[in-house]
Amino acid sequence: MELKPEQLVGQIHSRALAPVYLIAGPETLRVLEAADAVRARARTEGVSEREIFDTGARDFSWDALTATFHAPSLFSTRRLVELRLHGGKPGREGAEVISAYCAAPPDDVILLVTAEEWSKSHHGKWADAVSRCGVLSVAWTVKPHELPEWIERRLHSRGIRADHETVQNLADRVEGNLLAAAQEIDKLALLAPDGDLDIVTMQLLVADLARYDVFRLIEVTLSGQTAQVSHMLTGLRGEGEAVAGLMPMITRELWRAATLARVQARRGNLAAEMKAQGLWESRQAPFRRALQRHPAPVRWEGFLRFASRIDRAVKGRGSGDPWIMLERLLLAIADAPAVRLLAT
């Protein structure tokens, strides 16, 4: 069975748990909420034992996962086994393990497979096996023209009524950031009088997220959204921000990415390092995408050196326009071929 993440969330409490769920896609919020719904449903059915396997972990083994499927439960009659697919593909061995599980799922195991990447190339016979045995749910990125409808459904689920103009205005303010939209809607659910929301009230209650805060700038840069990078920099400059105020946070994230690149290069436990760095699941995807574009640690060291040049230019100790230099740096991070901009 194939369901949209929202369909899975809406139906899961009215159905018996399936033997296996595959929830994958680039829209992190939708993946997280659908996976959380499966976990919550499992808890209501008394499933208290949970095991997590991450294919990006240094000690990960498909044999260990297979052994877990056939091991007896220690604390409850059923177990939730979570498999987090680094990169979204299980490889040949992993595909065989998952397909074998789906062919004869153990009575005491519920398998939850999650991945933050998905495309037609990720789909294979193993995913078809999941769909036949359980539920396949792909969280595609919400397109700009789909965002107002997504916002309207979410407002309705929180008991808020809003007209088309209000919904569209909120969509414009969140700039396609689903997590930000969800947070603002949760806030509106608490503050909107009597569940009715007009555009004036919404504008008073919702922060204008189109003011391009630096955290969002870093996120779109790491995610590779080049058009957004230039657009947001123009917005920040127009708001009166100074490069000097942006650089400390940008440099901090570059140091973080450089550390992750070194761990990845030596085949260390990237997932564990991300958690050690305070990057929980909702923030990991942009870093993973950036590390795919720039896997070599030396590349991140070069970005840090260029950031130092920007800092010197800001302080009048070096040449160059800090805004132009910052745009070149962020575009180079967002798009690998644009690294040549740093040599000009």
# chains A, B, ... in the order shown; residues from 1 in each chain; ligands from 1
>>> residues_around(residues="A:Ala129", least_positions_apart="2", cutoff="8 Å", atoms="only C-alpha atoms", output="PyMOL selection string")
chain A and resi 99+102-103+125-127+131-133
>>> select_by_dssp(residues="stretch 174-300 of chain A", states="alpha helix (DSSP H)", output="VMD selection string")
chain A and resid 174 178 to 191 199 to 205 214 to 223 226 to 238 243 to 265 270 to 276 281 to 293 297 to 300
>>> write_last_selection(atoms="C-alpha atoms", output="short mmCIF file (atom, residue, chain, number, x, y, z; two decimals), in the first residue's frame")
data_model
loop_
_atom_site.label_atom_id
_atom_site.label_comp_id
_atom_site.auth_asym_id
_atom_site.auth_seq_id
_atom_site.Cartn_x
_atom_site.Cartn_y
_atom_site.Cartn_z
CA VAL A 174 7.20 31.32 5.42
CA LEU A 178 7.48 23.74 6.16
CA LEU A 179 8.97 23.55 9.64
CA ALA A 180 8.59 27.31 10.10
CA ALA A 181 5.02 27.13 8.79
CA ALA A 182 4.18 24.34 11.26
CA GLN A 183 5.63 26.33 14.16
CA GLU A 184 3.67 29.45 13.23
CA ILE A 185 0.44 27.47 12.84
CA ASP A 186 0.93 25.91 16.28
CA LYS A 187 1.39 29.42 17.68
CA LEU A 188 -1.74 30.64 15.90
CA ALA A 189 -3.71 27.73 17.38
CA LEU A 190 -2.95 29.16 20.81
CA LEU A 191 -3.44 32.83 20.00
CA ILE A 199 -5.33 38.56 7.52
CA VAL A 200 -4.98 41.48 9.94
CA THR A 201 -4.87 39.20 12.99
CA MET A 202 -2.47 36.83 11.26
CA GLN A 203 -0.09 39.65 10.36
CA LEU A 204 -0.07 40.82 13.96
CA LEU A 205 0.61 37.35 15.35
CA VAL A 214 20.60 34.11 9.14
CA PHE A 215 19.64 30.63 10.34
CA ARG A 216 17.38 30.16 7.33
CA LEU A 217 20.16 31.55 5.10
CA ILE A 218 22.55 28.89 6.39
CA GLU A 219 19.95 26.17 5.87
CA VAL A 220 19.25 27.04 2.22
CA THR A 221 22.99 27.37 1.57
CA LEU A 222 23.76 23.91 2.90
CA SER A 223 20.71 22.50 1.09
CA THR A 226 21.33 28.80 -4.95
CA ALA A 227 18.49 31.08 -6.08
CA GLN A 228 17.31 31.45 -2.49
CA VAL A 229 20.82 32.30 -1.29
CA SER A 230 21.12 35.40 -3.48
CA HIS A 231 17.49 36.38 -2.83
CA MET A 232 17.87 36.14 0.93
CA LEU A 233 21.18 38.02 0.97
CA THR A 234 19.49 40.87 -0.90
CA GLY A 235 16.73 40.81 1.72
CA LEU A 236 19.16 40.86 4.63
CA ARG A 237 21.08 43.75 3.13
CA GLY A 238 17.85 45.63 2.52
CA VAL A 243 28.09 41.28 7.23
CA ALA A 244 29.90 41.58 10.56
CA GLY A 245 26.75 40.42 12.34
CA LEU A 246 26.27 37.41 10.05
CA MET A 247 29.80 36.02 9.96
CA PRO A 248 30.06 34.55 13.50
CA MET A 249 27.08 32.21 12.91
CA ILE A 250 28.13 31.35 9.36
CA THR A 251 31.69 30.59 10.48
CA ARG A 252 30.41 28.42 13.33
CA GLU A 253 28.42 26.27 10.89
CA LEU A 254 31.42 26.03 8.56
CA TRP A 255 33.55 24.70 11.43
CA ARG A 256 30.79 22.21 12.19
CA ALA A 257 30.63 21.06 8.55
CA ALA A 258 34.43 20.79 8.40
CA THR A 259 34.42 18.53 11.47
CA LEU A 260 31.70 16.35 9.93
CA ALA A 261 33.65 16.13 6.66
CA ARG A 262 36.70 14.84 8.52
CA VAL A 263 34.61 12.20 10.31
CA GLN A 264 33.03 11.16 7.01
CA ALA A 265 36.41 10.99 5.26
CA LEU A 270 28.73 10.46 11.06
CA ALA A 271 25.30 10.04 12.67
CA ALA A 272 26.85 9.92 16.15
CA GLU A 273 29.02 12.96 15.41
CA MET A 274 25.99 14.92 14.22
CA LYS A 275 24.22 14.17 17.49
CA ALA A 276 27.37 15.13 19.41
CA GLU A 281 17.22 14.71 12.79
CA SER A 282 15.38 17.84 11.71
CA ARG A 283 18.68 19.66 11.05
CA GLN A 284 20.82 16.86 9.65
CA ALA A 285 19.52 16.74 6.06
CA PRO A 286 21.06 20.09 4.91
CA PHE A 287 24.47 19.06 6.28
CA ARG A 288 24.26 15.65 4.59
CA ARG A 289 23.46 17.29 1.26
CA ALA A 290 26.35 19.72 1.66
CA LEU A 291 28.75 16.89 2.49
CA GLN A 292 27.65 15.04 -0.64
CA ARG A 293 28.53 18.10 -2.76
CA PRO A 297 37.65 18.11 4.29
CA VAL A 298 40.13 20.31 2.40
CA ARG A 299 37.20 21.97 0.61
CA TRP A 300 35.67 23.06 3.94
#
>>> closest_residue(among="A:Leu22, A:Leu65, A:Ala307, A:Leu17", to="A:Arg43", atoms="only C-alpha atoms")
A:Leu17
>>> decode(residues="stretch 179-200 of chain A", atoms="C-alpha atoms", output="mmCIF file, in the first residue's frame")
data_model
loop_
_atom_site.group_PDB
_atom_site.id
_atom_site.type_symbol
_atom_site.label_atom_id
_atom_site.label_comp_id
_atom_site.auth_asym_id
_atom_site.auth_seq_id
_atom_site.Cartn_x
_atom_site.Cartn_y
_atom_site.Cartn_z
ATOM 1 C CA LEU A 179 8.970 23.549 9.645
ATOM 2 C CA ALA A 180 8.591 27.312 10.098
ATOM 3 C CA ALA A 181 5.016 27.126 8.795
ATOM 4 C CA ALA A 182 4.181 24.341 11.256
ATOM 5 C CA GLN A 183 5.631 26.328 14.159
ATOM 6 C CA GLU A 184 3.672 29.448 13.229
ATOM 7 C CA ILE A 185 0.441 27.466 12.842
ATOM 8 C CA ASP A 186 0.931 25.912 16.283
ATOM 9 C CA LYS A 187 1.386 29.420 17.684
ATOM 10 C CA LEU A 188 -1.737 30.641 15.897
ATOM 11 C CA ALA A 189 -3.706 27.729 17.380
ATOM 12 C CA LEU A 190 -2.949 29.163 20.813
ATOM 13 C CA LEU A 191 -3.437 32.832 19.996
ATOM 14 C CA ALA A 192 -6.125 33.058 17.319
ATOM 15 C CA PRO A 193 -9.427 34.194 18.933
ATOM 16 C CA ASP A 194 -12.264 31.674 18.670
ATOM 17 C CA GLY A 195 -10.445 29.743 15.950
ATOM 18 C CA ASP A 196 -11.180 32.458 13.345
ATOM 19 C CA LEU A 197 -8.198 34.021 11.612
ATOM 20 C CA ASP A 198 -8.296 37.008 9.290
ATOM 21 C CA ILE A 199 -5.334 38.561 7.516
ATOM 22 C CA VAL A 200 -4.981 41.476 9.941
#
